[in-house]
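> Pasting run.cif here (mmCIF, C-alpha atoms):
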data_run
loop_
_atom_site.label_atom_id
_atom_site.label_comp_id
_atom_site.auth_asym_id
_atom_site.auth_seq_id
_atom_site.Cartn_x
_atom_site.Cartn_y
_atom_site.Cartn_z
CA MET N 92 23.66 65.43 37.34
CA LYS N 93 21.66 62.75 39.11
CA TYR N 94 22.80 64.04 42.49
CA PHE N 95 20.31 66.91 42.09
CA TYR N 96 17.61 65.20 40.06
CA ARG N 97 16.76 62.21 42.25
CA LEU N 98 14.63 64.27 44.61
CA LEU N 99 11.01 64.76 45.35
CA ILE N 100 9.67 64.61 41.83
CA SER N 101 7.37 67.56 42.36
CA LEU N 102 10.39 69.84 42.71
CA SER N 103 12.92 68.21 40.41
CA GLY N 104 11.94 70.69 37.74
CA CYS N 105 13.04 73.51 40.01
CA LEU N 106 16.48 71.97 40.24
CA ILE N 107 16.81 71.98 36.48
CA PHE N 108 16.15 75.69 36.60
CA LEU N 109 18.75 76.17 39.32
CA LEU N 110 21.34 74.56 37.08
CA LEU N 111 20.33 76.68 34.11
CA HIS N 112 21.38 79.92 35.85
CA SER N 113 18.85 81.90 33.80
CA CYS N 114 17.41 85.26 34.69
CA LEU N 115 15.92 88.69 34.06
CA GLY N 116 12.16 88.81 34.11
CA LEU N 117 9.71 91.64 33.77
CA LEU N 118 6.71 90.21 35.60
CA PRO N 119 5.65 91.51 39.02
CA SER N 120 6.66 89.35 41.95
CA LEU N 121 3.54 87.86 43.50
CA ALA N 122 5.28 84.86 45.09
CA ALA N 123 4.00 81.30 44.81
CA GLU N 124 2.01 80.19 47.81
CA LYS N 125 1.80 76.55 46.81
CA VAL N 126 3.29 73.98 44.45
CA THR N 127 0.84 71.73 42.66
CA VAL N 128 2.14 68.39 41.46
CA ARG N 129 0.35 66.92 38.48
CA TYR N 130 0.89 63.37 37.20
CA GLY N 131 -1.85 62.11 34.94
CA LEU N 132 -5.06 62.23 36.96
CA PHE N 133 -3.14 62.59 40.23
CA GLU N 134 -2.77 66.12 41.63
CA GLN N 135 -1.68 67.39 45.01
CA SER N 136 -0.80 70.83 46.34
CA ILE N 137 1.92 71.63 48.88
CA PRO N 138 2.19 75.07 50.55
CA VAL N 139 5.55 76.73 49.84
CA ALA N 140 5.71 77.83 53.47
CA ASP N 141 5.63 74.17 54.48
CA ILE N 142 8.61 73.45 52.24
CA ARG N 143 10.62 76.29 53.79
CA ASP N 144 9.72 75.14 57.31
CA TYR N 145 10.77 71.60 56.43
CA SER N 146 14.11 72.84 55.09
CA GLN N 147 14.78 74.65 58.37
CA THR N 148 13.34 72.26 60.95
CA GLN N 149 13.06 68.90 59.11
CA LYS N 150 9.50 68.76 60.47
CA ALA N 151 6.87 68.14 57.79
CA SER N 152 3.34 69.47 57.80
CA SER N 153 0.50 67.02 57.19
CA ASP N 154 0.23 68.17 53.56
CA LEU N 155 3.93 67.70 52.89
CA GLN N 156 4.14 64.49 54.91
CA SER N 157 1.43 62.85 52.81
CA PHE N 158 3.67 63.41 49.80
CA LEU N 159 6.93 62.45 51.51
CA ASP N 160 5.35 59.14 52.42
CA TYR N 161 5.73 58.14 48.77
CA LEU N 162 9.52 58.46 49.05
CA SER N 163 12.12 56.11 50.43
CA ALA N 164 14.24 57.19 53.39
CA LYS N 165 17.17 57.86 51.07
CA ASP N 166 15.10 60.01 48.73
CA LYS N 167 13.74 62.00 51.67
CA GLN N 168 17.33 62.71 52.72
CA LYS N 169 18.20 63.78 49.19
CA PHE N 170 15.27 66.14 49.18
CA GLN N 171 16.37 67.65 52.49
CA ASP N 172 19.94 67.98 51.17
CA ALA N 173 18.68 69.69 48.02
CA LEU N 174 16.74 72.22 50.08
CA GLN N 175 20.05 73.27 51.65
CA VAL N 176 21.57 74.13 48.26
CA LYS N 177 21.72 77.92 47.91
CA MET N 178 23.71 79.45 45.09
CA SER N 179 25.24 82.90 45.14
CA LEU N 180 25.26 83.90 41.48
CA ASP N 181 26.69 86.78 39.50
CA ILE N 182 23.61 88.70 38.35
CA ALA N 183 25.41 90.47 35.50
CA ALA N 184 26.63 87.12 34.20
CA LEU N 185 23.09 85.75 34.40
CA ASP N 186 21.84 88.71 32.40
CA LYS N 187 24.34 87.94 29.65
CA LEU N 188 23.69 84.21 29.78
CA ILE N 189 19.94 84.43 29.29
CA ASN N 190 20.49 86.50 26.17
CA THR N 191 22.68 83.89 24.54
CA GLY N 192 21.11 81.45 22.10
CA MET N 193 21.84 78.56 24.44
CA GLY N 194 20.32 80.34 27.43
CA LYS N 195 17.10 81.09 25.60
CA GLN N 196 16.89 77.56 24.22
CA ILE N 197 17.33 75.82 27.58
CA LEU N 198 14.95 78.15 29.38
CA SER N 199 12.32 77.41 26.73
CA PHE N 200 13.11 73.72 27.08
CA ALA N 201 12.63 73.79 30.85
CA SER N 202 9.43 75.84 30.70
CA GLN N 203 7.62 72.91 29.11
CA ALA N 204 7.21 71.33 32.55
CA ILE N 205 5.28 74.34 33.89
CA ALA N 206 1.54 74.48 33.30
CA ARG N 207 0.16 78.01 32.88
CA ARG N 208 -3.06 79.13 31.22
CA ASP N 209 -1.54 82.43 30.09
CA GLN N 210 1.40 80.83 28.24
CA ALA N 211 3.80 83.00 30.23
CA SER N 212 5.99 80.20 31.57
CA ILE N 213 9.27 81.59 30.24
CA PRO N 214 8.85 85.17 31.60
CA ALA N 215 7.63 83.70 34.89
CA LEU N 216 10.70 81.51 35.21
CA ARG N 217 12.98 84.41 34.36
CA SER N 218 11.37 86.53 37.04
CA ALA N 219 11.57 83.80 39.69
CA LEU N 220 15.18 83.00 38.90
CA ILE N 221 16.51 86.54 38.99
CA LEU N 222 14.54 87.51 42.09
CA GLY N 223 15.45 84.26 43.77
CA ALA N 224 19.12 84.85 42.97
CA LYS N 225 18.88 88.31 44.53
CA SER N 226 17.53 86.94 47.80
CA PRO N 227 19.89 87.13 50.82
CA ASP N 228 20.26 83.34 50.85
CA GLY N 229 20.95 83.10 47.12
CA LEU N 230 19.12 80.96 44.61
CA GLY N 231 17.66 77.78 46.04
CA ILE N 232 14.45 75.80 45.79
CA THR N 233 12.60 77.87 48.38
CA SER N 234 13.83 81.26 47.15
CA PHE N 235 12.86 80.27 43.60
CA LEU N 236 9.36 79.23 44.68
CA GLU N 237 8.85 82.31 46.82
CA ALA N 238 9.80 84.54 43.89
CA TYR N 239 7.64 82.80 41.31
CA PRO N 240 5.14 85.40 39.98
CA SER N 241 1.94 83.49 40.60
CA SER N 242 0.10 82.23 43.63
CA GLN N 243 0.52 78.68 42.32
CA LEU N 244 3.30 76.82 40.51
CA VAL N 245 1.96 73.79 38.64
CA VAL N 246 4.53 71.21 37.57
CA ASP N 247 3.81 68.30 35.26
CA VAL N 248 5.85 65.38 36.58
CA SER N 249 5.57 63.31 33.40
CA LYS N 250 7.12 66.17 31.43
CA ILE N 251 9.80 66.71 34.05
CA GLN N 252 10.85 63.07 33.82
CA LYS N 253 11.07 63.35 30.04
CA LEU N 254 13.04 66.60 30.17
CA VAL N 255 15.49 65.28 32.76
CA GLY N 256 16.09 62.22 30.62
CA MET N 257 16.73 64.38 27.57
CA ALA N 258 19.01 66.73 29.49
CA ASN N 259 21.13 63.84 30.70
CA SER N 260 21.12 61.92 27.45
CA SER N 261 24.30 61.25 25.52
CA SER N 262 25.18 59.47 22.33
CA SER N 263 25.95 56.25 24.17
CA SER N 264 23.33 53.68 25.06
CA ALA N 265 22.09 53.12 28.59
CA ASP N 266 24.08 49.89 28.78
CA ALA N 267 27.33 51.49 27.63
CA PRO N 268 30.08 52.25 30.17
CA PRO N 269 29.97 55.74 31.70
CA LYS N 270 32.02 58.37 29.92
CA ASP N 271 32.91 62.03 30.17
CA ASP N 272 30.29 64.03 28.24
CA VAL N 273 30.46 67.25 30.27
CA SER N 274 31.41 69.39 27.28
CA SER N 275 28.68 67.91 25.08
CA SER N 276 25.74 67.78 27.52
CA PRO N 277 23.31 70.76 27.54
CA LEU N 278 23.70 71.41 31.26
CA GLY N 279 27.49 71.06 31.06
CA LYS N 280 27.63 73.61 28.27
CA ILE N 281 25.41 76.13 30.04
CA ALA N 282 27.30 75.76 33.33
CA LEU N 283 30.66 76.35 31.65
CA GLN N 284 29.29 79.31 29.70
CA TYR N 285 28.05 80.84 32.94
CA GLN N 286 31.51 80.45 34.43
CA THR N 287 33.22 82.18 31.52
CA LEU N 288 30.82 85.12 31.82
CA ALA N 289 31.07 85.34 35.60
CA VAL N 290 34.90 85.38 35.86
CA GLN N 291 35.86 87.59 32.92
CA ASP N 292 38.92 89.70 33.91
CA LYS N 293 38.45 88.87 37.60
CA GLN N 294 40.93 87.84 40.26
CA PHE N 295 40.18 85.40 43.08
CA SER N 296 42.08 84.52 46.22
CA GLY N 297 40.97 80.90 45.86
CA CYS N 298 39.58 78.72 43.06
CA LEU N 299 38.18 75.20 43.34
CA PHE N 300 38.15 72.82 40.39
CA GLY N 301 36.33 69.54 40.83
CA ASP N 302 33.42 67.25 40.04
CA SER N 303 29.88 66.98 41.43
CA ILE N 304 31.08 66.64 45.02
CA SER N 305 32.85 69.99 44.80
CA ALA N 306 29.98 71.49 42.80
CA GLY N 307 27.68 70.51 45.67
CA LEU N 308 29.37 73.13 47.87
CA GLY N 309 28.14 75.99 45.73
CA ASN N 310 29.84 79.33 46.41
CA THR N 311 30.24 78.77 50.15
CA LEU N 312 34.00 79.21 50.48
CA GLY N 313 33.85 82.91 51.22
CA ASN N 314 34.34 86.20 49.46
CA GLY N 315 37.00 86.31 46.80
CA THR N 316 36.66 82.62 45.89
CA PHE N 317 35.03 80.83 42.98
CA ASN N 318 33.83 77.25 42.72
CA PHE N 319 34.43 75.91 39.20
CA GLY N 320 33.06 72.46 40.08
CA LEU N 321 31.11 70.69 37.34
CA ASN N 322 29.06 67.53 37.58
CA GLY N 323 30.72 64.61 35.80
CA LEU N 324 34.11 66.31 35.52
CA SER N 325 37.19 64.16 34.88
CA THR N 326 40.68 65.23 33.85
CA ILE N 327 39.49 65.10 30.24
CA SER N 328 36.81 67.76 30.68
CA LEU N 329 38.97 69.63 33.23
CA LEU N 330 41.45 70.35 30.46
CA GLU N 331 38.65 71.56 28.19
CA GLN N 332 37.30 73.72 31.01
CA LEU N 333 40.69 75.31 31.72
CA LYS N 334 41.33 75.99 28.04
CA THR N 335 37.96 77.73 27.87
CA LEU N 336 38.58 79.80 31.01
CA ILE N 337 42.13 80.98 30.30
CA PRO N 338 41.08 83.43 27.53
CA THR N 339 38.82 85.18 30.09
CA LYS N 340 42.03 86.30 31.87
CA VAL N 341 40.73 85.04 35.19
CA LYS N 342 43.38 84.88 37.93
CA CYS N 343 43.51 82.51 40.91
CA GLU N 344 46.00 83.14 43.71
CA LYS N 345 45.39 79.68 45.19
CA ALA N 346 43.92 76.75 43.27
CA ILE N 347 42.54 73.47 44.58
CA ILE N 348 42.12 70.57 42.14
CA ALA N 349 39.77 67.86 43.43
CA ILE N 350 39.61 65.33 40.64
CA GLY N 351 39.94 61.60 40.04
CA GLY N 352 36.74 59.88 41.11
CA ASN N 353 35.16 60.13 37.68
CA ASP N 354 38.42 59.18 35.98
CA ALA N 355 38.29 55.96 37.96
CA TRP N 356 34.60 55.50 37.09
CA TYR N 357 35.11 56.18 33.39
CA GLY N 358 38.00 53.74 33.24
CA ILE N 359 40.56 56.30 32.10
CA SER N 360 44.00 54.71 31.83
CA ASP N 361 46.77 55.46 34.31
CA GLU N 362 48.91 56.98 31.58
CA LEU N 363 46.18 59.31 30.33
CA PHE N 364 45.16 60.37 33.84
CA THR N 365 48.75 61.20 34.75
CA LYS N 366 49.29 63.13 31.52
CA ASN N 367 46.03 65.05 31.89
CA LEU N 368 46.62 65.99 35.52
CA GLN N 369 50.10 67.27 34.78
CA GLU N 370 48.77 69.33 31.89
CA ALA N 371 45.96 70.68 34.08
CA ILE N 372 48.49 71.82 36.68
CA ALA N 373 50.52 73.54 33.96
CA LEU N 374 47.40 75.35 32.69
CA VAL N 375 46.39 76.47 36.19
CA ARG N 376 49.86 77.93 36.65
CA THR N 377 49.25 80.20 33.66
CA MET N 378 46.36 81.75 35.60
CA GLY N 379 48.74 83.54 37.94
CA THR N 380 48.40 80.85 40.59
CA LYS N 381 50.99 80.94 43.38
CA GLU N 382 49.88 77.77 45.19
CA ILE N 383 48.20 74.61 43.90
CA PHE N 384 46.77 71.89 46.14
CA LEU N 385 45.55 68.47 45.06
CA ILE N 386 42.66 66.68 46.78
CA PRO N 387 42.61 62.86 46.70
CA ALA N 388 39.85 61.19 44.68
CA PHE N 389 36.77 60.58 46.83
CA TYR N 390 35.95 57.06 47.94
CA SER N 391 32.40 55.69 47.90
CA THR N 392 30.71 53.15 50.14
CA VAL N 393 31.37 49.48 49.49
CA ALA N 394 27.85 48.97 48.14
CA ALA N 395 28.18 51.88 45.69
CA SER N 396 31.60 50.68 44.54
CA LEU N 397 30.07 47.33 43.58
CA ASP N 398 27.49 49.01 41.33
CA PRO N 399 29.12 50.14 38.06
CA THR N 400 26.22 52.51 37.38
CA VAL N 401 26.96 54.46 40.56
CA ALA N 402 30.69 54.57 41.29
CA ALA N 403 34.10 53.12 40.50
CA PRO N 404 35.51 50.10 42.32
CA LEU N 405 37.36 51.15 45.46
CA SER N 406 40.53 49.53 44.15
CA LYS N 407 40.45 51.76 41.09
CA VAL N 408 39.99 54.88 43.22
CA GLU N 409 42.92 53.72 45.33
CA GLN N 410 45.06 53.42 42.20
CA ILE N 411 44.02 56.92 41.06
CA ASN N 412 45.13 58.27 44.43
CA VAL N 413 48.51 56.59 44.03
CA LEU N 414 48.86 58.42 40.72
CA ILE N 415 47.79 61.72 42.28
CA ASN N 416 50.56 61.38 44.84
CA GLN N 417 53.08 60.58 42.13
CA VAL N 418 52.06 63.63 40.09
CA ALA N 419 52.17 65.79 43.22
CA GLU N 420 55.75 64.70 43.88
CA THR N 421 56.79 65.33 40.28
CA GLU N 422 55.09 68.73 40.10
CA LYS N 423 56.08 69.67 43.65
CA VAL N 424 52.57 70.43 44.83
CA PRO N 425 51.00 69.21 48.10
CA VAL N 426 48.21 66.66 48.45
CA ALA N 427 45.79 67.93 51.09
CA ALA N 428 44.31 64.73 52.52
CA ALA N 429 44.28 65.22 56.29
CA GLY N 430 41.10 67.30 56.42
CA LEU N 431 39.14 64.62 54.56
CA ALA N 432 40.01 61.81 56.97
CA PRO N 433 36.72 62.14 58.94
CA LEU N 434 34.81 61.20 55.77
CA TYR N 435 36.24 57.71 55.70
CA GLU N 436 36.81 54.54 57.62
CA ASN N 437 39.56 52.40 56.08
CA ASN N 438 39.26 54.31 52.78
CA VAL N 439 35.50 53.71 52.60
CA LEU N 440 32.95 56.54 52.72
CA ARG N 441 31.02 56.53 55.99
CA GLY N 442 27.37 55.65 55.42
CA ASN N 443 26.06 58.49 57.58
CA LEU N 444 27.80 61.08 55.38
CA THR N 445 26.16 60.15 52.08
CA SER N 446 22.65 59.82 50.72
CA ASP N 447 23.47 57.65 47.71
CA GLY N 448 26.76 55.97 48.58
CA ASP N 449 28.78 58.19 46.28
CA HIS N 450 27.98 61.87 46.94
CA LEU N 451 28.29 63.70 50.23
CA ASN N 452 25.18 64.69 52.14
CA THR N 453 24.87 67.91 54.12
CA GLU N 454 27.04 66.66 56.99
CA GLY N 455 29.64 65.28 54.61
CA LEU N 456 29.82 68.55 52.73
CA LYS N 457 30.41 70.40 56.00
CA ILE N 458 33.52 68.30 56.59
CA TYR N 459 34.74 68.84 53.03
CA ARG N 460 34.07 72.57 53.19
CA GLN N 461 35.99 72.92 56.45
CA ALA N 462 38.96 71.10 54.92
CA LEU N 463 38.96 73.51 51.97
CA LEU N 464 38.67 76.57 54.20
CA GLN N 465 41.76 75.41 56.09
CA ILE N 466 43.66 75.13 52.82
CA LEU N 467 42.53 78.60 51.76
CA GLY N 468 43.42 80.04 55.15
CA LYS N 469 39.88 81.21 55.87
#
Output the file's structure as structure tokens, nothing else.

Amino acid sequence: MKYFYRLLISLSGCLIFLLLHSCLGLLPSLAAEKVTVRYGLFEQSIPVADIRDYSQTQKASSDLQSFLDYLSAKDKQKFQDALQVKMSLDIAALDKLINTGMGKQILSFASQAIARRDQASIPALRSALILGAKSPDGLGITSFLEAYPSSQLVVDVSKIQKLVGMANSSSSSADAPPKDDVSSSPLGKIALQYQTLAVQDKQFSGCLFGDSISAGLGNTLGNGTFNFGLNGLSTISLLEQLKTLIPTKVKCEKAIIAIGGNDAWYGISDELFTKNLQEAIALVRTMGTKEIFLIPAFYSTVAASLDPTVAAPLSKVEQINVLINQVAETEKVPVAAAGLAPLYENNVLRGNLTSDGDHLNTEGLKIYRQALLQILGK
């Protein structure tokens, strides 16, 4: 999840809402004209129009620049990358999701970071999310802000930080090794529930299964495709995801499985990874899939690979890719690696294609997307 959260703190709350996929409001759309950031006694307002202009031109107004000056170069790039995220969502599925107990609970949870005198934070968020999702560009930070039913959106940064920490919390301590908690985390649960609602009895020409790198593409692979990417996904949670999706009777003509980086990071054994990947392929085949393609596990930069809180050692990723090739040979499915070659130099992620050493930035995602479109024949 941290790929989306480590942004300009004034807007990190908005990203939580994007991940919630909530909707359906009844308030009139007035559109927010400015975002006001509040942190203790500190308060600063940023015009929404300036944020949109920055997303399109990368040129900051004086108001926005005074706030960006507090950020490092890497965090500024992450903010710019986040502004490019636009999600095309199934409105009917959103309608159903917000009426589930989990949808209502998480929307209420997220609304705590919004300061309103009229206590209408939840209806306001619903309105902004559904109207933002209906915008031609899909749901993104700017479309959410422009649909917010008030002239001003006030976010309490201290509460956002607390909520993000709670949303990402797990039963393990901060010093414990990373582990797969996709199925137990609040955001993992709500994302998977959205998927089950959105694909019920549907057929797709192409389906993508993967972790946060794949999730970062959103639904940008064209009509008739669906991105099932989930942040933190490993082969362990991939199996849980597939077992949850199969009862929906969703069909995928072509399926791409891009997995392995988190398995390496979580320290999953070679035997378990191999077993899980083979089982995942078998499950995908029950979805009416005619062709399955495997994507090699993504490499990080050297610096990221040396930090166990960020990514797996490059040697472990290399071993995972050896296993992927072995499974591909056994299961008679291709490994589509050629299109990803521009991302790397000697099996190391190029520094200009990432903002944190592990995830792809906008330029990196363009390369990945093009590789996937070639596989899908689009």
> Which residues, named as in the file, does the PyMOL selection byres ((chain N and resi 176-189) around 6) pick out? Answer as a PDB file with C-alpha atoms, keeping the file's coordinate frame.

ATOM      1  CA  SER N 113      18.850  81.900  33.800  1.00  0.00           C
ATOM      2  CA  CYS N 114      17.410  85.260  34.690  1.00  0.00           C
ATOM      3  CA  ALA N 173      18.680  69.690  48.020  1.00  0.00           C
ATOM      4  CA  LEU N 174      16.740  72.220  50.080  1.00  0.00           C
ATOM      5  CA  GLN N 175      20.050  73.270  51.650  1.00  0.00           C
ATOM      6  CA  ASN N 190      20.490  86.500  26.170  1.00  0.00           C
ATOM      7  CA  THR N 191      22.680  83.890  24.540  1.00  0.00           C
ATOM      8  CA  GLY N 194      20.320  80.340  27.430  1.00  0.00           C
ATOM      9  CA  LYS N 195      17.100  81.090  25.600  1.00  0.00           C
ATOM     10  CA  GLY N 229      20.950  83.100  47.120  1.00  0.00           C
ATOM     11  CA  LEU N 230      19.120  80.960  44.610  1.00  0.00           C
ATOM     12  CA  GLY N 231      17.660  77.780  46.040  1.00  0.00           C
ATOM     13  CA  LEU N 288      30.820  85.120  31.820  1.00  0.00           C
ATOM     14  CA  ALA N 289      31.070  85.340  35.600  1.00  0.00           C
ATOM     15  CA  GLY N 309      28.140  75.990  45.730  1.00  0.00           C
ATOM     16  CA  ASN N 310      29.840  79.330  46.410  1.00  0.00           C
TER      17      ASN N 310
END
> For the file shown, report as a list in words the outcome of the PyMOL selection byres ((chain N and resi 396-405) around 9) at residue level.
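Checked against the file, the PyMOL selection byres ((chain N and resi 396-405) around 9) matches Pro268, Pro269, Gly352, Asn353, Asp354, Ala355, Trp356, Tyr357, Gly358, Tyr390, Ser391, Thr392, Val393, Ala394, Ala395, Ser406, Lys407, Val408, Glu409, Gln410, Asn438, Val439, Asp447, Gly448 and Asp449 of chain N.
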> Assuming the chain letters and numbering stay as they are in my file, what does the PyMOL selection byres ((chain N and resi 145-151) around 10) actually select? List them as a PyMOL selection string.
chain N and resi 139-144+152-159+168+170-175+232-233
> Can you tell me how far atom CA of N:Ser226 sits from atom CA of N:Leu451, in Å to one decimal?
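Here the two named atoms are 25.7 Å from each other.
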> Between N:Leu431, N:Val424, N:Leu283, N:Val248, which is the closest to N:Thr335 once you count all atoms listed in the file?
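Ranked by minimum distance to N:Thr335, first place goes to N:Leu283.
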> So which one's closest to N:Tyr130, N:Ile221, N:Ala164, N:Val413, N:Val245? Using all atoms listed in the file, please.
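Ranked by minimum distance to N:Tyr130, first place goes to N:Val245.
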> Let me make sure I understand: among N:Ala224, N:Ala346, N:Leu336, N:Val273, which one has the smallest atom-to-atom distance to N:Asn322 if we use all atoms listed in the file?
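Distance minimum relative to N:Asn322 lands on N:Val273.
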> Can you work out the spacing between atom CA of N:Gln332 and atom CA of N:Gln369 in Å, to one decimal?
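Answer for the atom CA of N:Gln332 to atom CA of N:Gln369 separation: 14.8 Å.
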> Report, in Å to a single decimal, how far apart atom CA of N:Leu236 and atom CA of N:Gly315 are.
28.6 Å
> Neighbourhood query: residues within 12 Å of (49.6, 79.7, 34.8), file coordinates, counting only C-alpha atoms; return as JSON, numbers by chain.
{"N": [333, 334, 336, 337, 338, 340, 341, 342, 343, 344, 345, 346, 370, 371, 372, 373, 374, 375, 376, 377, 378, 379, 380, 381, 382, 383]}
> Keeping C-alpha atoms for every residue in the selection just given, could you write it to a file as an mmCIF file, in the frame of the given file?

data_model
loop_
_atom_site.group_PDB
_atom_site.id
_atom_site.type_symbol
_atom_site.label_atom_id
_atom_site.label_comp_id
_atom_site.auth_asym_id
_atom_site.auth_seq_id
_atom_site.Cartn_x
_atom_site.Cartn_y
_atom_site.Cartn_z
ATOM 1 C CA LEU N 333 40.690 75.310 31.720
ATOM 2 C CA LYS N 334 41.330 75.990 28.040
ATOM 3 C CA LEU N 336 38.580 79.800 31.010
ATOM 4 C CA ILE N 337 42.130 80.980 30.300
ATOM 5 C CA PRO N 338 41.080 83.430 27.530
ATOM 6 C CA LYS N 340 42.030 86.300 31.870
ATOM 7 C CA VAL N 341 40.730 85.040 35.190
ATOM 8 C CA LYS N 342 43.380 84.880 37.930
ATOM 9 C CA CYS N 343 43.510 82.510 40.910
ATOM 10 C CA GLU N 344 46.000 83.140 43.710
ATOM 11 C CA LYS N 345 45.390 79.680 45.190
ATOM 12 C CA ALA N 346 43.920 76.750 43.270
ATOM 13 C CA GLU N 370 48.770 69.330 31.890
ATOM 14 C CA ALA N 371 45.960 70.680 34.080
ATOM 15 C CA ILE N 372 48.490 71.820 36.680
ATOM 16 C CA ALA N 373 50.520 73.540 33.960
ATOM 17 C CA LEU N 374 47.400 75.350 32.690
ATOM 18 C CA VAL N 375 46.390 76.470 36.190
ATOM 19 C CA ARG N 376 49.860 77.930 36.650
ATOM 20 C CA THR N 377 49.250 80.200 33.660
ATOM 21 C CA MET N 378 46.360 81.750 35.600
ATOM 22 C CA GLY N 379 48.740 83.540 37.940
ATOM 23 C CA THR N 380 48.400 80.850 40.590
ATOM 24 C CA LYS N 381 50.990 80.940 43.380
ATOM 25 C CA GLU N 382 49.880 77.770 45.190
ATOM 26 C CA ILE N 383 48.200 74.610 43.900
#
> Restricting the calculation to only C-alpha atoms: of N:Lys225, N:Lys270, N:Arg129, N:Lys280, which residue gets closest to N:Ile197?
N:Lys280
> Extract, using all atoms listed in the file, all DNA, RNA and protein residues at most 10 Å from N:Leu434, discarding same-chain residues fewer than 4 positions from it, and format them as a list in words.
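Near neighbours after the sequence-gap exclusion: Phe389, Tyr390, Ser391, Gly430, Asn438, Val439, Leu440, Arg441, Gly442, Asn443, Leu444, Thr445, Leu451, Glu454, Gly455, Leu456, Ile458 and Tyr459 of chain N.
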> Which centre and which edge lengths, in Å to one decimal, describe the axis-aligned box that holds all listed atoms of stretch 410-425 of chain N after 5 Å is added on each side, as lines of an AutoDock Vina configuration file?

center_x = 50.4
center_y = 61.9
center_z = 44.1
size_x = 22.8
size_y = 27.0
size_z = 18.0
> Taking (9.4, 77.3, 29.4) as a centre in this file's frame and 9 Å as the limit, can you find every polymer residue with an atom that close, using all atoms listed in the file, and give them as a ChimeraX atom specification?
/N:197-205,210-216
> Mind filling out stretch 240-244 of chain N with all heavy atoms and sending it as a PDB file, keeping the file's coordinate frame?

ATOM      1  N   PRO N 240       6.198  84.388  40.088  1.00  0.00           N
ATOM      2  CA  PRO N 240       5.140  85.400  39.980  1.00  0.00           C
ATOM      3  C   PRO N 240       3.743  84.846  39.736  1.00  0.00           C
ATOM      4  O   PRO N 240       3.098  85.143  38.740  1.00  0.00           O
ATOM      5  CB  PRO N 240       5.618  86.245  38.798  1.00  0.00           C
ATOM      6  CG  PRO N 240       6.336  85.274  37.934  1.00  0.00           C
ATOM      7  CD  PRO N 240       7.037  84.338  38.881  1.00  0.00           C
ATOM      8  N   SER N 241       3.293  84.029  40.639  1.00  0.00           N
ATOM      9  CA  SER N 241       1.940  83.490  40.600  1.00  0.00           C
ATOM     10  C   SER N 241       1.654  82.876  41.949  1.00  0.00           C
ATOM     11  O   SER N 241       2.587  82.452  42.650  1.00  0.00           O
ATOM     12  CB  SER N 241       1.798  82.440  39.488  1.00  0.00           C
ATOM     13  OG  SER N 241       0.509  81.845  39.516  1.00  0.00           O
ATOM     14  N   SER N 242       0.417  82.820  42.326  1.00  0.00           N
ATOM     15  CA  SER N 242       0.100  82.230  43.630  1.00  0.00           C
ATOM     16  C   SER N 242       0.271  80.725  43.624  1.00  0.00           C
ATOM     17  O   SER N 242       0.320  80.091  44.674  1.00  0.00           O
ATOM     18  CB  SER N 242      -1.347  82.573  44.015  1.00  0.00           C
ATOM     19  OG  SER N 242      -2.260  82.029  43.061  1.00  0.00           O
ATOM     20  N   GLN N 243       0.396  80.131  42.426  1.00  0.00           N
ATOM     21  CA  GLN N 243       0.520  78.680  42.320  1.00  0.00           C
ATOM     22  C   GLN N 243       1.495  78.302  41.202  1.00  0.00           C
ATOM     23  O   GLN N 243       1.462  78.873  40.125  1.00  0.00           O
ATOM     24  CB  GLN N 243      -0.852  78.061  42.031  1.00  0.00           C
ATOM     25  CG  GLN N 243      -0.838  76.549  41.902  1.00  0.00           C
ATOM     26  CD  GLN N 243      -2.220  75.966  41.697  1.00  0.00           C
ATOM     27  OE1 GLN N 243      -2.576  74.956  42.253  1.00  0.00           O
ATOM     28  NE2 GLN N 243      -3.027  76.621  40.856  1.00  0.00           N
ATOM     29  N   LEU N 244       2.385  77.367  41.507  1.00  0.00           N
ATOM     30  CA  LEU N 244       3.300  76.820  40.510  1.00  0.00           C
ATOM     31  C   LEU N 244       2.867  75.384  40.236  1.00  0.00           C
ATOM     32  O   LEU N 244       2.893  74.535  41.132  1.00  0.00           O
ATOM     33  CB  LEU N 244       4.741  76.831  41.022  1.00  0.00           C
ATOM     34  CG  LEU N 244       5.785  76.128  40.164  1.00  0.00           C
ATOM     35  CD1 LEU N 244       5.902  76.800  38.796  1.00  0.00           C
ATOM     36  CD2 LEU N 244       7.144  76.122  40.851  1.00  0.00           C
TER      37      LEU N 244
END
